file coords-v8.tsv (TSV, C-alpha atoms)
chain	number	residue	atom	x	y	z
L	1	MET	CA	0.00	0.00	0.00
L	2	LYS	CA	1.38	3.42	-0.92
L	3	LEU	CA	1.36	6.45	1.35
L	4	GLN	CA	-1.95	8.25	0.98
L	5	ARG	CA	-2.15	11.98	1.45
L	6	ASN	CA	-4.18	12.77	4.55
L	7	GLY	CA	-4.55	9.06	5.31
L	8	ARG	CA	-2.84	6.44	7.45
L	9	SER	CA	-0.45	4.10	5.70
L	10	LYS	CA	0.23	0.57	6.84
L	11	ALA	CA	3.30	0.48	4.65
L	12	LEU	CA	4.68	3.60	6.31
L	13	ALA	CA	4.15	2.09	9.74
L	14	ILE	CA	5.88	-1.12	8.74
L	15	GLY	CA	8.79	0.84	7.27
L	16	ALA	CA	9.20	2.85	10.46
L	17	MET	CA	9.14	-0.29	12.61
L	18	ALA	CA	11.86	-1.80	10.47
L	19	LEU	CA	13.95	1.33	10.81
L	20	VAL	CA	13.47	1.38	14.57
L	21	GLY	CA	14.74	-2.18	14.61
L	22	SER	CA	17.86	-1.14	12.74
L	23	LEU	CA	18.22	1.84	15.08
L	24	SER	CA	18.18	-0.52	18.06
L	25	LEU	CA	20.83	-2.72	16.47
L	26	ALA	CA	23.02	0.29	15.75
L	27	ALA	CA	22.75	1.37	19.37
L	28	CYS	CA	24.21	-1.97	20.48
L	29	GLY	CA	27.50	-0.99	18.83
L	30	SER	CA	28.11	-4.42	17.31
L	31	ASP	CA	30.53	-4.46	14.37
L	32	ASP	CA	28.65	-7.53	13.13
L	33	ASN	CA	25.68	-5.27	12.32
L	34	ALA	CA	27.69	-2.54	10.58
L	35	ASP	CA	26.64	-1.33	7.15
L	36	PRO	CA	29.35	-2.38	4.69
L	37	LYS	CA	29.19	1.15	3.26
L	38	THR	CA	30.01	2.76	6.59
L	39	SER	CA	32.99	2.82	8.87
L	40	GLY	CA	32.87	1.32	12.36
L	41	SER	CA	31.97	4.74	13.76
L	42	GLY	CA	28.81	4.88	11.66
L	43	ALA	CA	30.21	7.53	9.29
L	44	PRO	CA	29.66	6.66	5.62
L	45	SER	CA	32.59	5.80	3.40
L	46	ALA	CA	33.36	7.84	0.32
L	47	ALA	CA	31.73	5.09	-1.77
L	48	ALA	CA	28.36	5.89	-0.18
L	49	ILE	CA	28.38	9.53	-1.37
L	50	ALA	CA	28.10	10.66	-4.98
L	51	CYS	CA	29.85	14.04	-4.91
L	52	GLY	CA	28.61	17.11	-6.70
L	53	LYS	CA	30.47	20.12	-8.02
L	54	ALA	CA	33.24	21.32	-5.71
L	55	GLY	CA	32.44	24.50	-3.82
L	56	GLN	CA	30.69	25.90	-0.76
L	57	LEU	CA	27.05	25.26	0.11
L	58	LEU	CA	25.46	27.65	2.59
L	59	GLY	CA	22.58	26.81	4.91
L	60	ALA	CA	21.07	28.28	8.07
L	61	GLY	CA	18.19	27.88	10.50
L	62	SER	CA	17.00	25.19	12.88
L	63	THR	CA	19.27	24.38	15.79
L	64	ALA	CA	17.30	21.18	16.39
L	65	GLN	CA	19.09	19.69	13.40
L	66	GLN	CA	22.49	21.21	14.18
L	67	SER	CA	23.95	17.95	15.50
L	68	ALA	CA	22.72	16.11	12.41
L	69	ILE	CA	24.21	18.70	10.07
L	70	ASP	CA	27.50	18.51	11.97
L	71	VAL	CA	27.67	14.76	11.27
L	72	TRP	CA	26.64	15.13	7.64
L	73	LYS	CA	28.91	18.01	6.68
L	74	VAL	CA	32.00	16.24	8.04
L	75	ALA	CA	31.17	13.03	6.19
L	76	TYR	CA	30.40	14.90	2.99
L	77	GLY	CA	33.52	17.06	3.21
L	78	ASN	CA	35.71	14.01	3.82
L	79	ALA	CA	34.22	12.20	0.83
L	80	CYS	CA	34.09	15.17	-1.54
L	81	ALA	CA	37.38	17.03	-1.80
L	82	GLY	CA	36.91	20.74	-2.34
L	83	SER	CA	33.30	20.76	-1.12
L	84	THR	CA	32.33	22.53	2.10
L	85	ILE	CA	28.92	22.63	3.80
L	86	THR	CA	28.59	25.72	5.99
L	87	TYR	CA	25.55	25.80	8.27
L	88	SER	CA	24.80	28.53	10.79
L	89	GLY	CA	21.99	27.96	13.29
L	90	GLY	CA	20.10	30.99	14.51
L	91	GLY	CA	16.72	29.27	14.68
L	92	SER	CA	14.07	28.36	12.13
L	93	GLY	CA	12.76	31.91	11.75
L	94	ALA	CA	16.20	33.26	10.95
L	95	GLY	CA	16.84	30.45	8.49
L	96	ILE	CA	13.64	31.12	6.52
L	97	GLN	CA	14.41	34.84	6.50
L	98	GLN	CA	17.91	34.27	5.11
L	99	PHE	CA	16.59	31.83	2.51
L	100	ASN	CA	14.00	34.32	1.28
L	101	GLN	CA	16.69	36.99	1.13
L	102	GLY	CA	18.81	34.77	-1.11
L	103	LYS	CA	21.64	34.55	1.43
L	104	VAL	CA	21.60	30.74	1.76
L	105	THR	CA	20.87	27.87	-0.63
L	106	PHE	CA	18.83	25.93	1.89
L	107	ALA	CA	17.19	26.63	5.23
L	108	GLY	CA	16.45	24.28	8.09
L	109	SER	CA	13.10	24.82	9.77
L	110	ASP	CA	11.17	22.81	12.38
L	111	SER	CA	7.93	24.12	10.92
L	112	ALA	CA	6.80	24.20	7.32
L	113	LEU	CA	6.72	27.39	5.28
L	114	LYS	CA	3.59	29.43	5.87
L	115	PRO	CA	1.71	30.62	2.73
L	116	ALA	CA	3.16	34.13	2.99
L	117	GLU	CA	6.69	32.73	3.36
L	118	ALA	CA	6.19	30.43	0.36
L	119	ASP	CA	4.96	33.39	-1.70
L	120	ALA	CA	7.97	35.46	-0.65
L	121	SER	CA	10.31	32.65	-1.73
L	122	LYS	CA	9.25	33.15	-5.36
L	123	GLU	CA	11.41	36.27	-5.50
L	124	VAL	CA	14.48	34.12	-4.87
L	125	CYS	CA	13.46	30.94	-6.66
L	126	LYS	CA	12.42	32.91	-9.79
L	127	THR	CA	10.86	30.09	-11.81
L	128	GLY	CA	9.64	28.15	-8.75
L	129	GLN	CA	9.14	28.50	-5.01
L	130	GLY	CA	10.35	27.15	-1.70
L	131	ILE	CA	9.26	23.64	-0.76
L	132	ASN	CA	9.50	21.64	2.47
L	133	LEU	CA	11.53	18.43	2.41
L	134	PRO	CA	11.40	16.48	5.70
L	135	MET	CA	14.96	15.47	6.49
L	136	VAL	CA	15.56	15.25	10.24
L	137	ALA	CA	13.02	13.57	12.51
L	138	GLY	CA	13.31	13.94	16.23
L	139	LEU	CA	11.50	14.73	19.42
L	140	ILE	CA	11.22	17.55	21.92
L	141	ALA	CA	12.19	16.54	25.42
L	142	ILE	CA	10.77	18.35	28.44
L	143	VAL	CA	14.07	18.71	30.29
L	144	TYR	CA	14.29	19.47	33.99
L	145	ASN	CA	16.74	19.83	36.87
L	146	VAL	CA	15.19	18.84	40.20
L	147	ASP	CA	17.29	17.06	42.80
L	148	GLY	CA	15.89	13.66	43.80
L	149	VAL	CA	13.31	13.55	40.98
L	150	ASP	CA	14.42	11.12	38.29
L	151	ASN	CA	11.18	9.97	36.68
L	152	LEU	CA	8.99	13.04	36.30
L	153	VAL	CA	5.64	12.59	34.56
L	154	LEU	CA	3.73	15.49	33.00
L	155	ASP	CA	0.66	15.85	30.82
L	156	GLY	CA	-0.64	18.51	28.44
L	157	PRO	CA	-2.64	20.65	30.89
L	158	THR	CA	0.05	20.57	33.58
L	159	THR	CA	2.86	21.39	31.14
L	160	ALA	CA	0.86	24.30	29.73
L	161	LYS	CA	0.20	25.72	33.19
L	162	ILE	CA	3.86	25.39	34.19
L	163	PHE	CA	5.09	27.26	31.12
L	164	ASP	CA	2.43	29.95	31.53
L	165	SER	CA	3.21	30.53	35.24
L	166	GLN	CA	-0.18	29.19	36.34
L	167	ILE	CA	1.65	26.46	38.28
L	168	THR	CA	4.66	27.91	40.09
L	169	LYS	CA	5.68	25.30	42.72
L	170	TRP	CA	7.15	21.86	42.14
L	171	ASN	CA	4.89	20.37	44.83
L	172	ASP	CA	1.74	21.77	43.23
L	173	PRO	CA	-1.16	19.27	43.59
L	174	ALA	CA	-1.38	18.80	39.82
L	175	ILE	CA	2.25	17.67	39.60
L	176	VAL	CA	1.93	15.56	42.75
L	177	ALA	CA	-1.09	13.74	41.29
L	178	LEU	CA	0.93	12.72	38.26
L	179	ASN	CA	3.91	11.66	40.37
L	180	PRO	CA	2.72	9.71	43.41
L	181	GLY	CA	5.59	8.86	45.71
L	182	ALA	CA	8.02	11.34	44.16
L	183	LYS	CA	9.82	13.70	46.54
L	184	LEU	CA	8.79	16.96	44.91
L	185	PRO	CA	10.33	19.99	46.65
L	186	ASP	CA	8.47	23.01	47.97
L	187	ALA	CA	10.44	25.16	45.55
L	188	ASP	CA	9.67	27.70	42.86
L	189	ILE	CA	9.66	26.38	39.30
L	190	GLN	CA	12.20	28.15	37.10
L	191	THR	CA	10.91	27.95	33.53
L	192	VAL	CA	13.17	28.61	30.55
L	193	HIS	CA	11.93	29.29	27.02
L	194	ARG	CA	13.48	30.21	23.69
L	195	SER	CA	14.31	33.87	23.11
L	196	ASP	CA	14.64	33.43	19.33
L	197	ASP	CA	11.93	32.57	16.82
L	198	SER	CA	11.98	28.80	16.95
L	199	GLY	CA	10.29	25.92	15.18
L	200	THR	CA	10.86	23.91	18.35
L	201	THR	CA	8.71	26.44	20.19
L	202	GLU	CA	6.06	26.21	17.49
L	203	ASN	CA	5.93	22.42	17.74
L	204	LEU	CA	5.73	22.55	21.54
L	205	THR	CA	2.88	25.06	21.39
L	206	LYS	CA	1.05	22.93	18.81
L	207	TYR	CA	1.18	20.11	21.34
L	208	LEU	CA	-0.04	22.39	24.13
L	209	GLU	CA	-2.88	23.71	21.98
L	210	LYS	CA	-4.06	20.17	21.19
L	211	THR	CA	-3.69	18.62	24.64
L	212	SER	CA	-4.04	21.28	27.35
L	213	GLY	CA	-7.82	21.47	27.42
L	214	GLY	CA	-7.68	25.23	26.97
L	215	ALA	CA	-4.98	25.86	29.59
L	216	TRP	CA	-2.70	27.18	26.83
L	217	ALA	CA	-4.46	30.30	25.59
L	218	TYR	CA	-2.10	31.21	22.76
L	219	LYS	CA	-1.87	30.27	19.10
L	220	PRO	CA	1.06	28.06	18.09
L	221	ALA	CA	3.93	30.25	16.93
L	222	LYS	CA	7.70	30.44	16.63
L	223	ALA	CA	7.76	33.36	19.09
L	224	TRP	CA	7.22	32.55	22.76
L	225	ALA	CA	3.95	33.87	24.23
L	226	GLY	CA	3.69	32.33	27.71
L	227	LYS	CA	3.92	34.44	30.85
L	228	GLY	CA	7.03	34.66	33.01
L	229	GLY	CA	10.17	32.60	32.96
L	230	GLN	CA	13.71	33.15	31.74
L	231	SER	CA	14.77	33.04	28.11
L	232	ALA	CA	17.81	31.74	26.28
L	233	ALA	CA	18.83	31.48	22.65
L	234	GLN	CA	18.57	28.24	20.70
L	235	ASN	CA	18.47	24.63	21.88
L	236	ALA	CA	22.00	24.90	23.24
L	237	GLY	CA	21.14	27.96	25.31
L	238	VAL	CA	18.04	26.60	27.02
L	239	SER	CA	19.77	23.27	27.70
L	240	ALA	CA	22.75	25.00	29.30
L	241	GLN	CA	20.41	27.12	31.42
L	242	VAL	CA	18.55	24.09	32.76
L	243	LYS	CA	21.82	22.33	33.53
L	244	GLN	CA	23.00	25.33	35.57
L	245	VAL	CA	19.77	26.32	37.36
L	246	LYS	CA	18.23	24.14	40.06
L	247	ASN	CA	14.48	23.47	39.93
L	248	SER	CA	14.36	24.56	36.29
L	249	ILE	CA	12.43	23.17	33.32
L	250	SER	CA	12.53	23.80	29.59
L	251	TYR	CA	12.14	22.08	26.22
L	252	ALA	CA	14.85	21.01	23.77
L	253	GLU	CA	15.52	18.60	20.96
L	254	LEU	CA	16.54	15.21	22.39
L	255	ALA	CA	20.14	15.44	21.14
L	256	TYR	CA	20.70	18.45	23.42
L	257	ALA	CA	19.15	16.67	26.39
L	258	GLN	CA	21.52	13.76	25.83
L	259	THR	CA	24.60	15.93	25.30
L	260	ASN	CA	23.94	17.83	28.51
L	261	ASN	CA	22.93	14.72	30.52
L	262	LEU	CA	19.56	16.27	31.32
L	263	LYS	CA	16.59	14.32	32.63
L	264	SER	CA	13.51	14.18	30.39
L	265	ALA	CA	9.90	13.91	31.55
L	266	ALA	CA	7.63	11.11	30.41
L	267	ILE	CA	4.30	12.25	28.96
L	268	ALA	CA	0.92	11.01	30.19
L	269	THR	CA	-1.09	10.90	26.97
L	270	GLY	CA	-4.11	8.86	27.98
L	271	ALA	CA	-2.37	5.61	27.05
L	272	ALA	CA	-2.07	2.87	29.66
L	273	LYS	CA	1.23	4.26	30.92
L	274	PRO	CA	3.26	7.46	30.44
L	275	VAL	CA	5.40	7.51	27.30
L	276	GLU	CA	9.14	8.00	27.63
L	277	ALA	CA	11.06	10.45	25.45
L	278	THR	CA	12.86	7.92	23.25
L	279	ALA	CA	13.62	7.71	19.55
L	280	ALA	CA	11.70	4.43	19.27
L	281	ASN	CA	8.57	5.96	20.81
L	282	ALA	CA	8.85	8.98	18.52
L	283	ALA	CA	9.16	6.64	15.53
L	284	ASN	CA	5.76	5.18	16.43
L	285	THR	CA	4.25	8.64	16.02
L	286	PHE	CA	6.09	9.35	12.75
L	287	ALA	CA	4.79	6.07	11.36
L	288	LYS	CA	1.33	7.61	11.29
L	289	ALA	CA	2.33	10.99	9.85
L	290	LYS	CA	0.27	12.33	6.94
L	291	ILE	CA	1.48	14.41	4.02
L	292	ALA	CA	-0.21	17.82	4.06
L	293	GLY	CA	1.76	19.39	1.20
L	294	THR	CA	1.00	19.12	-2.49
L	295	GLY	CA	3.20	18.23	-5.44
L	296	SER	CA	6.86	18.12	-4.46
L	297	ASP	CA	6.13	19.88	-1.17
L	298	LEU	CA	6.21	17.20	1.53
L	299	ALA	CA	5.07	19.12	4.59
L	300	LEU	CA	3.73	16.71	7.22
L	301	SER	CA	0.75	16.68	9.55
L	302	LEU	CA	1.71	15.17	12.93
L	303	ASP	CA	-0.65	13.87	15.62
L	304	TYR	CA	0.40	15.75	18.76
L	305	ALA	CA	-2.63	14.42	20.62
L	306	THR	CA	-1.96	10.72	20.01
L	307	LYS	CA	-3.08	8.36	22.75
L	308	GLU	CA	-1.68	5.20	21.21
L	309	GLU	CA	0.53	3.01	23.36
L	310	GLY	CA	4.21	3.84	23.06
L	311	SER	CA	3.68	6.88	20.83
L	312	TYR	CA	5.55	9.93	22.10
L	313	PRO	CA	3.50	13.00	21.15
L	314	LEU	CA	6.04	15.81	21.30
L	315	VAL	CA	7.74	15.21	17.97
L	316	LEU	CA	9.20	17.50	15.37
L	317	VAL	CA	10.50	17.18	11.87
L	318	THR	CA	13.07	19.58	10.47
L	319	TYR	CA	12.56	20.46	6.83
L	320	GLU	CA	15.28	21.45	4.42
L	321	ILE	CA	13.66	24.32	2.57
L	322	VAL	CA	14.87	24.62	-1.02
L	323	CYS	CA	13.67	25.98	-4.35
L	324	ASP	CA	11.82	23.36	-6.37
L	325	LYS	CA	12.91	25.28	-9.50
L	326	GLY	CA	15.10	28.30	-10.05
L	327	ASN	CA	18.07	27.15	-7.96
L	328	LYS	CA	21.38	28.85	-8.76
L	329	ALA	CA	23.27	26.88	-11.40
L	330	GLU	CA	26.57	27.11	-9.53
L	331	THR	CA	25.19	25.36	-6.42
L	332	LEU	CA	22.42	23.12	-7.77
L	333	GLU	CA	24.61	20.07	-8.38
L	334	THR	CA	26.16	20.24	-4.91
L	335	LEU	CA	22.77	20.86	-3.26
L	336	LYS	CA	21.29	17.77	-4.90
L	337	SER	CA	24.37	15.71	-4.07
L	338	PHE	CA	24.37	16.71	-0.40
L	339	LEU	CA	20.62	16.20	0.10
L	340	THR	CA	20.77	12.86	-1.73
L	341	TYR	CA	23.30	11.77	0.86
L	342	THR	CA	21.41	13.13	3.88
L	343	ILE	CA	18.19	11.32	2.94
L	344	SER	CA	20.01	8.09	2.04
L	345	ASP	CA	19.92	5.10	4.37
L	346	ALA	CA	23.56	5.77	5.25
L	347	GLY	CA	22.87	9.43	6.01
L	348	GLN	CA	19.81	8.73	8.14
L	349	GLN	CA	21.54	5.98	10.11
L	350	ALA	CA	24.61	8.17	10.64
L	351	ILE	CA	22.61	10.53	12.86
L	352	SER	CA	20.70	7.91	14.86
L	353	ALA	CA	23.38	7.89	17.56
L	354	LYS	CA	22.60	11.57	18.16
L	355	GLY	CA	19.03	10.75	19.20
L	356	TYR	CA	17.38	11.37	15.83
L	357	VAL	CA	14.78	9.06	14.27
L	358	PRO	CA	15.43	7.67	10.77
L	359	LEU	CA	12.54	8.64	8.52
L	360	PRO	CA	10.20	5.81	7.48
L	361	LYS	CA	11.33	4.35	4.18
L	362	GLU	CA	8.23	5.22	2.19
L	363	LEU	CA	8.56	8.86	3.19
L	364	SER	CA	12.31	8.96	2.58
L	365	ASP	CA	11.71	7.53	-0.90
L	366	LYS	CA	9.41	10.46	-1.67
L	367	VAL	CA	12.03	12.90	-0.44
L	368	LYS	CA	14.67	11.24	-2.64
L	369	ALA	CA	12.41	11.67	-5.67
L	370	ALA	CA	11.81	15.34	-4.84
L	371	VAL	CA	15.55	15.97	-4.49
L	372	THR	CA	16.23	14.33	-7.85
L	373	ALA	CA	13.66	16.63	-9.46
L	374	LEU	CA	15.18	19.88	-8.15
L	375	ALA	CA	16.04	22.25	-10.97
call {"tool": "encode", "arguments": {"input": "coords-v8.tsv", "output": "structure tokens"}}
result
Amino acid sequence: MKLQRNGRSKALAIGAMALVGSLSLAACGSDDNADPKTSGSGAPSAAAIACGKAGQLLGAGSTAQQSAIDVWKVAYGNACAGSTITYSGGGSGAGIQQFNQGKVTFAGSDSALKPAEADASKEVCKTGQGINLPMVAGLIAIVYNVDGVDNLVLDGPTTAKIFDSQITKWNDPAIVALNPGAKLPDADIQTVHRSDDSGTTENLTKYLEKTSGGAWAYKPAKAWAGKGGQSAAQNAGVSAQVKQVKNSISYAELAYAQTNNLKSAAIATGAAKPVEATAANAANTFAKAKIAGTGSDLALSLDYATKEEGSYPLVLVTYEIVCDKGNKAETLETLKSFLTYTISDAGQQAISAKGYVPLPKELSDKVKAAVTALA
């Protein structure tokens, strides 16, 4: 069965389960399971990458995919002499802005182009417009720093009230009810949110809108709207702040939680038990993703309110935003070469150790076709 737009696909679910299985094997670190096209470290060999025209490729945007880009650009640079991938973070909003100003060849964004942004891209793409290609799948961890609390559980309403300063103490009855037996301190909650326009923020607020029962009164957006709290720039900034500040809580892409050894809350979704923030549980949610875009635009619709067993609801996908047509001739070959590698099996598996989720095969096949068609 092929992936149906706006419909569930059994084939997509099966593909994701197979990829989760390979992700689990890779995590075991066994050389017996190594891809013959990769080195023992998981980095692809030169044979796995078909190089494009030598030169520099510029990108900017999402910091949620920064760790993935770091892996990819090293592998690509090692395989392709004379080619350099330069990616500056700055957040999804900044990336889209630079793309539409013609300053970068591709932008990373944790939320798809809005209609006005897609229209603006026509000035740069000339004969086409910007499209969304899902490339990096991951999850948003609710990270916290509370001494003696190792298995925090939260739900949509409680999370919304915490981040909007409606719940201000760690031993608030709502948190206690979700965490019976936990030694929650009588301490003020120190919330931390993104100071920059962020697709991670937009995905979090989409989750809060769908699951908080009205406790989150704001529309999903890249800009933070909740009351109170401290702010910090990018995933790295909020993660560092939580690590330094006792009794703090924030949200960050899983790779940053892992890098900073931060604890992540499990989410009570209405399933039989709270769902842990793991790549495998996020993969269960991605298996049911629907394509909302048209033509070569592969923007996804994600179910933030899922109640299925083992499906982590706070997921995000980072899109590489590129021109479908009208790309600059001097960078088109390299752009297609680099993106062909990143969406390849080798490229997707190379970032799994960083906490990312390999895209389901049926979806990745559609991305590969879209990359091939870039002009």
call {"tool": "residues_around", "arguments": {"input": "coords-v8.tsv", "residues": "Leu208 of chain L", "least_positions_apart": "6", "cutoff": "8 Å", "atoms": "all atoms listed in the file", "output": "list in words"}}
result
Gly156, Pro157, Thr159, Ala160 and Trp216 of chain L
call {"tool": "residues_around", "arguments": {"input": "coords-v8.tsv", "residues": "Ala233 of chain L", "least_positions_apart": "2", "cutoff": "8 Å", "atoms": "all atoms listed in the file", "output": "MDAnalysis selection string"}}
result
chainID L and resid 194:196 231 235:238
call {"tool": "write_last_selection", "arguments": {"input": "coords-v8.tsv", "atoms": "C-alpha atoms", "output": "tab-separated table (two decimals), in the frame of the given file"}}
result
chain	number	residue	atom	x	y	z
L	194	ARG	CA	13.48	30.21	23.69
L	195	SER	CA	14.31	33.87	23.11
L	196	ASP	CA	14.64	33.43	19.33
L	231	SER	CA	14.77	33.04	28.11
L	235	ASN	CA	18.47	24.63	21.88
L	236	ALA	CA	22.00	24.90	23.24
L	237	GLY	CA	21.14	27.96	25.31
L	238	VAL	CA	18.04	26.60	27.02
call {"tool": "atom_distance", "arguments": {"input": "coords-v8.tsv", "atom1": "atom CA of Thr105 of chain L", "atom2": "atom CA of Val124 of chain L"}}
result
9.9 Å
call {"tool": "closest_residue", "arguments": {"input": "coords-v8.tsv", "among": "L:Ile162, L:Ala240, L:Val146, L:Ala353", "to": "Ser212 of chain L", "atoms": "all atoms listed in the file"}}
result
L:Ile162
call {"tool": "closest_residue", "arguments": {"input": "coords-v8.tsv", "among": "L:Pro220, L:Asn247, L:Ser198, L:Ala277", "to": "Tyr356 of chain L", "atoms": "all atoms listed in the file"}}
result
L:Ala277
call {"tool": "atom_distance", "arguments": {"input": "coords-v8.tsv", "atom1": "atom CA of Ile49 of chain L", "atom2": "atom CA of Ala299 of chain L"}}
result
25.9 Å
call {"tool": "residues_around", "arguments": {"input": "coords-v8.tsv", "residues": "segment 174-185 of chain L", "least_positions_apart": "5", "cutoff": "10 Å", "atoms": "all atoms listed in the file", "output": "list in words"}}
result
Val146, Asp147, Gly148, Val149, Asp150, Asn151, Leu152, Val153, Leu154, Asp155, Pro157, Thr158, Thr159, Lys161, Ile162, Ile167, Lys169, Asn247, Ile267, Ala268 and Pro274 of chain L
call {"tool": "atom_distance", "arguments": {"input": "coords-v8.tsv", "atom1": "atom CA of Thr269 of chain L", "atom2": "atom CA of Lys227 of chain L"}}
result
24.4 Å
call {"tool": "closest_residue", "arguments": {"input": "coords-v8.tsv", "among": "L:Asp324, L:Glu330, L:Asp365, L:Asp172", "to": "Ser344 of chain L", "atoms": "only C-alpha atoms"}}
result
L:Asp365
call {"tool": "closest_residue", "arguments": {"input": "coords-v8.tsv", "among": "L:Tyr87, L:Tyr319, L:Phe286, L:Tyr304", "to": "Val74 of chain L", "atoms": "all atoms listed in the file"}}
result
L:Tyr87
call {"tool": "axis_aligned_box", "arguments": {"input": "coords-v8.tsv", "around": "segment 229-236 of chain L", "padding_each_side": "5 Å", "output": "AutoDock Vina command-line options"}}
result
--center_x 16.1 --center_y 28.9 --center_z 26.8 --size_x 21.8 --size_y 18.5 --size_z 22.3
call {"tool": "closest_residue", "arguments": {"input": "coords-v8.tsv", "among": "L:Gly226, L:Glu362, L:Asn261, L:Thr372", "to": "Glu333 of chain L", "atoms": "all atoms listed in the file"}}
result
L:Thr372
call {"tool": "residues_around", "arguments": {"input": "coords-v8.tsv", "residues": "Leu254 of chain L", "least_positions_apart": "3", "cutoff": "10 Å", "atoms": "all atoms listed in the file", "output": "PyMOL selection string"}}
result
chain L and resi 64+138-143+235+251+257-260+262+264+277-279+315+354-356
call {"tool": "closest_residue", "arguments": {"input": "coords-v8.tsv", "among": "L:Pro313, L:Pro360, L:Thr63, L:Asp119", "to": "Ser239 of chain L", "atoms": "only C-alpha atoms"}}
result
L:Thr63
call {"tool": "residues_near_point", "arguments": {"input": "coords-v8.tsv", "point": "(3.5, 26.3, 17.6)", "cutoff": "6 Å", "atoms": "all atoms listed in the file", "output": "ChimeraX atom specification"}}
result
/L:201-206,220-222
call {"tool": "decode", "arguments": {"input": "coords-v8.tsv", "residues": "segment 174-179 of chain L", "atoms": "all heavy atoms", "output": "PDB file, in the first residue's frame"}}
result
ATOM      1  N   ALA L 174      -1.262  19.392  41.162  1.00  0.00           N
ATOM      2  CA  ALA L 174      -1.379  18.805  39.821  1.00  0.00           C
ATOM      3  C   ALA L 174      -0.155  17.964  39.479  1.00  0.00           C
ATOM      4  O   ALA L 174      -0.274  16.894  38.860  1.00  0.00           O
ATOM      5  CB  ALA L 174      -1.567  19.908  38.782  1.00  0.00           C
ATOM      6  N   ILE L 175       1.025  18.433  39.861  1.00  0.00           N
ATOM      7  CA  ILE L 175       2.245  17.667  39.595  1.00  0.00           C
ATOM      8  C   ILE L 175       2.323  16.462  40.524  1.00  0.00           C
ATOM      9  O   ILE L 175       2.713  15.362  40.110  1.00  0.00           O
ATOM     10  CB  ILE L 175       3.495  18.554  39.757  1.00  0.00           C
ATOM     11  CG1 ILE L 175       3.399  19.792  38.855  1.00  0.00           C
ATOM     12  CG2 ILE L 175       4.757  17.766  39.440  1.00  0.00           C
ATOM     13  CD1 ILE L 175       4.562  20.755  38.991  1.00  0.00           C
ATOM     14  N   VAL L 176       1.932  16.654  41.783  1.00  0.00           N
ATOM     15  CA  VAL L 176       1.929  15.556  42.755  1.00  0.00           C
ATOM     16  C   VAL L 176       1.026  14.421  42.284  1.00  0.00           C
ATOM     17  O   VAL L 176       1.370  13.240  42.385  1.00  0.00           O
ATOM     18  CB  VAL L 176       1.493  16.058  44.145  1.00  0.00           C
ATOM     19  CG1 VAL L 176       1.287  14.887  45.105  1.00  0.00           C
ATOM     20  CG2 VAL L 176       2.533  17.032  44.709  1.00  0.00           C
ATOM     21  N   ALA L 177      -0.137  14.768  41.740  1.00  0.00           N
ATOM     22  CA  ALA L 177      -1.093  13.744  41.290  1.00  0.00           C
ATOM     23  C   ALA L 177      -0.521  12.882  40.178  1.00  0.00           C
ATOM     24  O   ALA L 177      -0.834  11.685  40.082  1.00  0.00           O
ATOM     25  CB  ALA L 177      -2.376  14.421  40.823  1.00  0.00           C
ATOM     26  N   LEU L 178       0.318  13.468  39.351  1.00  0.00           N
ATOM     27  CA  LEU L 178       0.929  12.718  38.258  1.00  0.00           C
ATOM     28  C   LEU L 178       2.159  11.934  38.696  1.00  0.00           C
ATOM     29  O   LEU L 178       2.637  11.060  37.966  1.00  0.00           O
ATOM     30  CB  LEU L 178       1.327  13.682  37.133  1.00  0.00           C
ATOM     31  CG  LEU L 178       0.184  14.305  36.326  1.00  0.00           C
ATOM     32  CD1 LEU L 178       0.711  15.471  35.489  1.00  0.00           C
ATOM     33  CD2 LEU L 178      -0.480  13.266  35.430  1.00  0.00           C
ATOM     34  N   ASN L 179       2.668  12.252  39.898  1.00  0.00           N
ATOM     35  CA  ASN L 179       3.914  11.662  40.367  1.00  0.00           C
ATOM     36  C   ASN L 179       3.793  11.159  41.806  1.00  0.00           C
ATOM     37  O   ASN L 179       4.504  11.620  42.709  1.00  0.00           O
ATOM     38  CB  ASN L 179       5.047  12.686  40.264  1.00  0.00           C
ATOM     39  CG  ASN L 179       5.325  13.112  38.842  1.00  0.00           C
ATOM     40  OD1 ASN L 179       6.093  12.486  38.130  1.00  0.00           O
ATOM     41  ND2 ASN L 179       4.681  14.198  38.418  1.00  0.00           N
TER      42      ASN L 179
END
